[in-house]
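The structure appears below as structure tokens.
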Amino acid sequence: MNNKTFPNEQMYQEIILDHFRNPKNSGVVKNANGHAHDVNTACGDEVGITLLVKKDIIKDVKFDGKGCAISIAATSMLTENIIGNKVADVIAMDKQEVLDLLGVPISGMRLKCALLGFKVLKMAIVEYEGKK
Amino acid sequence: MAKEVGKDFPILSRKVHGKRLVYLDSAATSQKPESVLDAERAYYETMNANVHRGVHTLSAEATEAYENARKKVAAFINSSPEEIIFTRNATEGINLVSKTFGMANLKRGDLIVLTVMEHHSNIVPWQQLANERGALLAFVDIDGRGVLDQQQYLSFLKKKPKIVVFTQISNVLGTLNPVKEMTRRAHDAGAVVLVDACQSVSHTAIDVKDIGCDFLVFSGHKMLGPTGIGALYGRKELLEHMPPFLVGGDMIREVTLSKSTWNDVPHKFEAGTPNVAGAIGLAAAVDYLQTYGMDKVAGHVRTLTDYALRQLKKVPGISILGSDDRIGLVSFVMEGIPPHDVASILDDHGVAVRSGHHCAMPLHARLGLESSVRASFQIYNTKEDIDVLVDALLHCRKVFGL
């Protein structure tokens with residue numbers, strides 16, 4: 001498939017479809033100390049994130065919600081990547097690092113889908129930090 | 001019909017990702033024929049001036065063109081010019097009614113009847129009014145086919161609502177509601193009726209006298225006209241007794257430092273310099289539709305809708321929302337492929353469809369969905385467009401390994 005004539009199809013590589021069908025870290029962390037939830041107003045996609053931080057390390061993170069393949073796969077891959085990381089390192093991540101995790105080109109109109117989970121993750125960390 | 005029509009719409013000759021544009025999102029906004037673009041341009045090139053103000057030639061010509069546009073729009077729905085208020089869009093028209101008629105006439109405990117299939121624009125203004133006035137809302141439900149529950153409607157009318165609002169065609173289900181009968185019943189119960197004609201105004205001939213409604217709103221941009229112009233029809237006796245909406249220039253008769261008096265209808269409701277070019281463009285859209293005639297336009301859109309239903313049903317894993325009796329659009333979901341992803345993959349094929357909740361979150365919730373894909377049709381669409389859509393949907397399944 002040609003990148004220029006079928007730009008959107010490039011997003012749907014096997015790895016994205018795998019994470020969409022069998023998302024990692026799906027659910028709710030029971031003893032969470034960070035929570036957040038948000039909706040993409042453009043499409044109605046929603047993501048909730050719960051996380052457990054101990055000694056400034058992300059011990060556990062889970063997500064639930066409803067959305068498109070891109071938002072679910074991106075959130076799945078992001079959560080998989082950050083478990084065991086320092087909170088400070090996660091806060092320091094920029095959007096491009098999250099997009100790089102996906103390993104596929106995300107077309108302009110779908111950036112919000114790909115970054116919704118990241119936005120909610122940061123909100124959950126802010127909530128955790130606020131309680132400290 | 002549509003092949004020759006398509007030539008009148010310059011945008012339809014453009015390519016998307018190297019493919020022919022197949023525009024199936026007209027329920028969101030329609031494309032514009034050259035005659036509409038020309039009319040707006042000609043206004044600015046030959047007579048641009050402020051209306052209702054100057055005595056110079058340009059102002060007189062601009063005023064005449066603006067008021068002629070009002071006459072044309074009035075005749076299009078069988079009303080009279082003083083009953084047509086130019087608005088930005090249907091949303092503004094509904095807000096105008098809720099904030100003037102509604103605020104002046106509703107009391108604590110009064111009932112407003114709506115339906116679960118309304119667009120947000122015909123829900124949120126009434127929610128706000130109910131909050132501000134302590135009024136109550138009742139929503140008529142749909143049955144399994146996506147048709148309004150008329151028994152429930154009648155039971156709500158027994159509670160003597162003050163205002164009843166409903167859409168003529170659902171922007172998600174395509175259901176054509178029996179607006180004349182519903183209006184008659186609402187009037188029997190003593191209610192004032194507002195009809196949302198956004199989806200119907202370019203798919204059916206509208207006659208406000210025949211429907212009998214008190215208010216009717218539509219947007220220009222969904223009926224081949226420009227954005228930023230719409231119309232509110234209101235029965236003259238009601239308009240005359242309603243307080244003004246926005247206040248300022250042009251809507252006044254006399255202003256002193258301490259008080260003001262209001263202009264006659266419809267000018268009382270058009271504060272500030274109006275969208276003159278938009279009104280002229282809207283009139284050109286009416287002219288364009290009338291060169292074919294609304295019966296022919298409706299027939300073409302209905303034929304396309306029926307064809308789309310037949311063809312889409314052949315796509316494995318598709319679920320179509322609503323019944324077969326519909327006009328103008330088909331919303332659906334695909335098993336295993338979220339609507340946004342369907343729309344992205346279709347875009348690769350030059351096919352423009354809407355994905356999401358189509359500004360009808362309550363209806364989607366009622367159907368147990370967050371979102372859907374919607375293909376909607378206009379005078380310029382062809383059966384070939386639908387064939388491209390169906391092929392692209394089959395391709396979506398391949399991309400998702402289904």
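Following the order of the structure tokens, first chain is A, next is B, and so on, with residues numbered from 1 inside each chain and ligands from 1 in the order they appear.
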
Please report, as a tab-separated table, each residue of chain B lying at most 10 Å from chain A, together with the nearest pair of atoms and the separation in Å rounded to one decimal; use only C-alpha atoms, and order rows by chain and ascending residue number.
residue	atom	partner	partner_atom	distance
B:Val16	CA	A:Thr5	CA	8.7
B:His17	CA	A:Thr5	CA	5.0
B:Gly18	CA	A:Thr5	CA	6.1
B:Lys19	CA	A:Thr5	CA	8.1
B:Gly336	CA	A:Arg21	CA	8.6
B:Ile337	CA	A:Ala69	CA	7.5
B:Pro338	CA	A:Cys68	CA	5.1
B:Pro339	CA	A:Cys68	CA	7.1
B:His340	CA	A:Cys68	CA	5.9
B:Asp341	CA	A:Cys68	CA	6.3
B:Val342	CA	A:Cys68	CA	9.4
B:Ala343	CA	A:Asn8	CA	9.6
B:Ser344	CA	A:Asn8	CA	5.9
B:Ile345	CA	A:Glu9	CA	5.8
B:Leu346	CA	A:Asn8	CA	8.7
B:Asp347	CA	A:Asn8	CA	7.5
B:Asp348	CA	A:Phe6	CA	4.8
B:His349	CA	A:Phe6	CA	7.4
B:Gly350	CA	A:Thr5	CA	9.7
B:Ser355	CA	A:Cys43	CA	7.3
B:Gly356	CA	A:Cys43	CA	4.7
B:His357	CA	A:Cys43	CA	6.6
B:His358	CA	A:Cys43	CA	8.6
B:Cys359	CA	A:Cys43	CA	9.5
B:Met361	CA	A:Gly44	CA	8.5
B:Glu370	CA	A:Gly44	CA	6.7
B:Ser371	CA	A:Gly44	CA	7.3
B:Ser372	CA	A:Cys43	CA	9.8
B:Cys396	CA	A:Glu9	CA	8.8
B:Val399	CA	A:Tyr12	CA	6.9
B:Phe400	CA	A:Leu17	CA	7.1
B:Gly401	CA	A:Leu17	CA	8.9

So that I have them on file, write out the residues from the current selection with N, CA and C atoms, as a compact mmCIF listing (two decimals), in the first residue's frame.
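result-v1.txt was written with the following content:
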# COMPACT_ATOMS: atom_id res chain seq x y z
N VAL B 16 -9.31 13.66 -3.49
CA VAL B 16 -8.87 13.44 -2.11
C VAL B 16 -7.98 12.21 -2.13
N HIS B 17 -6.74 12.37 -1.68
CA HIS B 17 -5.73 11.30 -1.75
C HIS B 17 -5.68 10.70 -3.16
N GLY B 18 -5.80 11.55 -4.14
CA GLY B 18 -5.69 11.10 -5.53
C GLY B 18 -6.94 10.45 -6.10
N LYS B 19 -8.01 10.35 -5.28
CA LYS B 19 -9.25 9.74 -5.79
C LYS B 19 -10.35 10.78 -5.94
N GLY B 336 -16.71 -4.97 15.00
CA GLY B 336 -15.25 -5.10 15.11
C GLY B 336 -14.45 -3.92 14.58
N ILE B 337 -15.12 -2.91 14.04
CA ILE B 337 -14.40 -1.72 13.55
C ILE B 337 -15.11 -0.47 14.08
N PRO B 338 -14.47 0.23 15.03
CA PRO B 338 -15.12 1.44 15.57
C PRO B 338 -15.38 2.47 14.47
N PRO B 339 -16.47 3.26 14.61
CA PRO B 339 -16.87 4.21 13.57
C PRO B 339 -15.76 5.16 13.11
N HIS B 340 -14.95 5.66 14.04
CA HIS B 340 -13.89 6.59 13.65
C HIS B 340 -12.88 5.93 12.72
N ASP B 341 -12.60 4.66 12.98
CA ASP B 341 -11.63 3.96 12.14
C ASP B 341 -12.22 3.67 10.76
N VAL B 342 -13.52 3.38 10.73
CA VAL B 342 -14.20 3.20 9.43
C VAL B 342 -14.05 4.49 8.62
N ALA B 343 -14.35 5.62 9.26
CA ALA B 343 -14.33 6.90 8.54
C ALA B 343 -12.92 7.24 8.05
N SER B 344 -11.89 6.91 8.85
CA SER B 344 -10.51 7.18 8.44
C SER B 344 -10.14 6.36 7.21
N ILE B 345 -10.52 5.09 7.23
CA ILE B 345 -10.16 4.22 6.10
C ILE B 345 -10.95 4.63 4.85
N LEU B 346 -12.21 5.02 5.03
CA LEU B 346 -13.01 5.49 3.88
C LEU B 346 -12.39 6.74 3.27
N ASP B 347 -11.83 7.59 4.12
CA ASP B 347 -11.19 8.83 3.64
C ASP B 347 -10.07 8.52 2.65
N ASP B 348 -9.35 7.43 2.88
CA ASP B 348 -8.31 7.01 1.94
C ASP B 348 -8.87 6.81 0.53
N HIS B 349 -10.17 6.46 0.47
CA HIS B 349 -10.80 6.16 -0.81
C HIS B 349 -11.57 7.36 -1.37
N GLY B 350 -11.35 8.52 -0.76
CA GLY B 350 -12.02 9.73 -1.23
C GLY B 350 -13.43 9.88 -0.70
N SER B 355 -18.48 10.36 11.33
CA SER B 355 -18.43 9.36 12.40
C SER B 355 -18.51 10.08 13.72
N GLY B 356 -19.14 9.45 14.70
CA GLY B 356 -19.30 10.08 16.00
C GLY B 356 -20.75 9.98 16.43
N HIS B 357 -21.19 10.96 17.23
CA HIS B 357 -22.57 10.90 17.73
C HIS B 357 -23.50 11.83 16.95
N HIS B 358 -22.96 12.53 15.95
CA HIS B 358 -23.75 13.40 15.07
C HIS B 358 -24.58 14.40 15.87
N CYS B 359 -24.02 14.89 16.99
CA CYS B 359 -24.73 15.85 17.84
C CYS B 359 -26.07 15.28 18.31
N MET B 361 -26.23 12.75 21.15
CA MET B 361 -25.75 11.81 22.18
C MET B 361 -26.91 11.09 22.88
N GLU B 370 -22.14 4.50 21.47
CA GLU B 370 -21.45 5.78 21.70
C GLU B 370 -21.44 6.57 20.40
N SER B 371 -21.32 5.85 19.30
CA SER B 371 -21.15 6.54 18.02
C SER B 371 -21.56 5.63 16.87
N SER B 372 -21.64 6.22 15.69
CA SER B 372 -21.98 5.46 14.49
C SER B 372 -21.34 6.16 13.29
N CYS B 396 -12.44 -1.94 4.42
CA CYS B 396 -12.24 -1.73 5.86
C CYS B 396 -12.13 -3.08 6.57
N VAL B 399 -8.72 -4.52 6.02
CA VAL B 399 -7.69 -3.84 6.81
C VAL B 399 -7.71 -4.36 8.24
N PHE B 400 -8.91 -4.63 8.76
CA PHE B 400 -9.04 -5.13 10.13
C PHE B 400 -8.97 -6.65 10.20
N GLY B 401 -8.61 -7.27 9.09
CA GLY B 401 -8.44 -8.72 9.09
C GLY B 401 -9.73 -9.48 9.33

Report as a count of residues only: the residues of range 17-142 of chain B with a DSSP assignment of alpha helix (DSSP H), based on the backbone of this structure.
-> 54

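Proximity to Asp56 in chain A was assessed for A:Lys132, A:Lys119, A:His19, A:His35 counting only C-alpha atoms; the smallest distance is recorded for A:Lys132.
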
Original post:
Near Thr100 in chain B, within 10 Å and counting only C-alpha atoms, which residues show up once chain neighbours fewer than 5 positions away are dropped, as a PyMOL selection string?
Top reply: chain B and resi 94-95+105+239+241-246+269

Okay, now the selection with N, CA and C atoms, as a PDB file, in the first residue's frame?
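Resulting contents of part02.pdb:
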ATOM      1  N   ILE B  94     -33.542  28.429  17.203  1.00  0.00           N
ATOM      2  CA  ILE B  94     -34.153  27.767  18.363  1.00  0.00           C
ATOM      3  C   ILE B  94     -33.849  28.561  19.633  1.00  0.00           C
ATOM      4  N   ASN B  95     -32.616  29.054  19.745  1.00  0.00           N
ATOM      5  CA  ASN B  95     -32.270  29.892  20.906  1.00  0.00           C
ATOM      6  C   ASN B  95     -33.123  31.153  20.947  1.00  0.00           C
ATOM      7  N   ASN B 105     -43.064  33.234  28.439  1.00  0.00           N
ATOM      8  CA  ASN B 105     -44.316  32.493  28.614  1.00  0.00           C
ATOM      9  C   ASN B 105     -44.249  31.298  29.556  1.00  0.00           C
ATOM     10  N   LEU B 239     -44.806  36.397  16.851  1.00  0.00           N
ATOM     11  CA  LEU B 239     -43.601  37.225  16.762  1.00  0.00           C
ATOM     12  C   LEU B 239     -43.861  38.626  17.303  1.00  0.00           C
ATOM     13  N   HIS B 241     -45.778  39.583  19.609  1.00  0.00           N
ATOM     14  CA  HIS B 241     -45.909  39.655  21.065  1.00  0.00           C
ATOM     15  C   HIS B 241     -44.664  39.208  21.811  1.00  0.00           C
ATOM     16  N   MET B 242     -43.671  38.743  21.066  1.00  0.00           N
ATOM     17  CA  MET B 242     -42.453  38.266  21.718  1.00  0.00           C
ATOM     18  C   MET B 242     -41.499  39.418  21.991  1.00  0.00           C
ATOM     19  N   PRO B 243     -40.781  39.382  23.146  1.00  0.00           N
ATOM     20  CA  PRO B 243     -39.750  40.391  23.369  1.00  0.00           C
ATOM     21  C   PRO B 243     -38.601  40.193  22.384  1.00  0.00           C
ATOM     22  N   PRO B 244     -37.751  41.207  22.179  1.00  0.00           N
ATOM     23  CA  PRO B 244     -36.636  41.034  21.233  1.00  0.00           C
ATOM     24  C   PRO B 244     -35.610  40.032  21.746  1.00  0.00           C
ATOM     25  N   PHE B 245     -34.750  39.592  20.835  1.00  0.00           N
ATOM     26  CA  PHE B 245     -33.694  38.618  21.165  1.00  0.00           C
ATOM     27  C   PHE B 245     -32.420  39.421  21.425  1.00  0.00           C
ATOM     28  N   LEU B 246     -31.591  39.620  20.418  1.00  0.00           N
ATOM     29  CA  LEU B 246     -30.438  40.512  20.560  1.00  0.00           C
ATOM     30  C   LEU B 246     -30.938  41.930  20.320  1.00  0.00           C
ATOM     31  N   PHE B 269     -36.201  41.288  15.257  1.00  0.00           N
ATOM     32  CA  PHE B 269     -35.361  40.152  15.666  1.00  0.00           C
ATOM     33  C   PHE B 269     -34.032  40.076  14.917  1.00  0.00           C
TER      34      PHE B 269
END

Worksheet item: Looking at B:Ile229, B:Glu4, B:Arg53, B:Asn171, which one is nearest to His119 in chain B, with distances taken over only C-alpha atoms?
Response: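 When distances to His119 in chain B are compared using only C-alpha atoms, the smallest one comes from B:Asn171.
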
Problem - Nearby residues (only C-alpha atoms) at most 8 Å from Met223 in chain B, same-chain spacing under 5 positions excluded, as a VMD selection string - result: chain B and resid 29 to 30 201 to 202 285

Residue contacts of Ile125 in chain A (7 Å, only C-alpha atoms) excluding same-chain residues fewer than 4 positions away, as a list in words: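 These residues fall inside the cut-off: Gly34, Leu121 and Glu129 of chain A.
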
Would you save the residues from that selection as a compact mmCIF listing (two decimals), in the first residue's frame, using N, CA and C atoms?
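Saved file selection_35.txt follows:
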# COMPACT_ATOMS: atom_id res chain seq x y z
N GLY A 34 -4.23 7.41 42.18
CA GLY A 34 -4.38 8.45 41.15
C GLY A 34 -5.50 8.05 40.20
N LEU A 121 -3.77 10.17 31.51
CA LEU A 121 -2.70 9.68 32.39
C LEU A 121 -2.07 10.85 33.16
N GLU A 129 -0.44 13.71 42.63
CA GLU A 129 0.51 14.70 43.20
C GLU A 129 -0.23 15.66 44.14

Which of range 5-182 of chain B end up as strand (DSSP E) when DSSP is run on this backbone - answer as a compact mmCIF listing (two decimals) with C-alpha atoms, in the first residue's frame?
# COMPACT_ATOMS: atom_id res chain seq x y z
CA LYS B 15 -9.48 14.83 -5.60
CA VAL B 16 -8.87 13.44 -2.11
CA LYS B 19 -9.25 9.74 -5.79
CA ARG B 20 -12.51 11.31 -6.88
CA VAL B 22 -17.32 11.01 -2.91
CA TYR B 23 -19.05 13.44 -0.59
CA ILE B 84 -39.09 35.02 8.13
CA ILE B 85 -36.25 36.02 10.44
CA PHE B 86 -32.75 35.55 9.10
CA THR B 87 -30.49 33.89 11.67
CA LEU B 111 -43.98 21.25 30.60
CA ILE B 112 -41.94 21.19 27.38
CA VAL B 113 -42.29 18.06 25.22
CA LEU B 114 -39.34 17.01 23.05
CA THR B 115 -38.25 13.74 21.46
CA LEU B 136 -40.08 20.33 33.15
CA LEU B 137 -38.99 18.32 30.09
CA ALA B 138 -40.56 15.13 28.73
CA PHE B 139 -38.94 13.19 25.89
CA VAL B 140 -40.99 11.05 23.50
CA ILE B 163 -44.20 24.06 24.14
CA VAL B 164 -43.76 21.00 21.91
CA VAL B 165 -40.68 20.61 19.68
CA PHE B 166 -39.66 17.89 17.23
CA THR B 167 -37.56 17.32 14.17

Near-range 205-220 of chain B list (8 Å; only C-alpha atoms; drop same-chain fewer than 6 positions) as a count of residues only
36

Calculate how many Å separate CA of Thr57 in chain B from CA of Ala39 in chain B, rounding to one decimal.
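Atom-to-atom, CA of Thr57 in chain B and CA of Ala39 in chain B are spaced 18.8 Å apart.
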
Give me the residues near Lys62 in chain A as a list in words, where near means some atom within 9 Å (using only C-alpha atoms) and where sequence neighbours in that chain fewer than 2 positions away do not count. Lys24, Asn25, Ser26, Gly27, Val28, Val29, Gly48, Ile49, Thr50, Leu51, Asp60, Asp64, Ser76 and Thr79 of chain A

One decimal place gives the CA of Lys268 in chain B-CA of Lys222 in chain B separation as 25.9 Å

Between CA of Ser319 in chain B and CA of His364 in chain B lies a distance of 13.7 Å
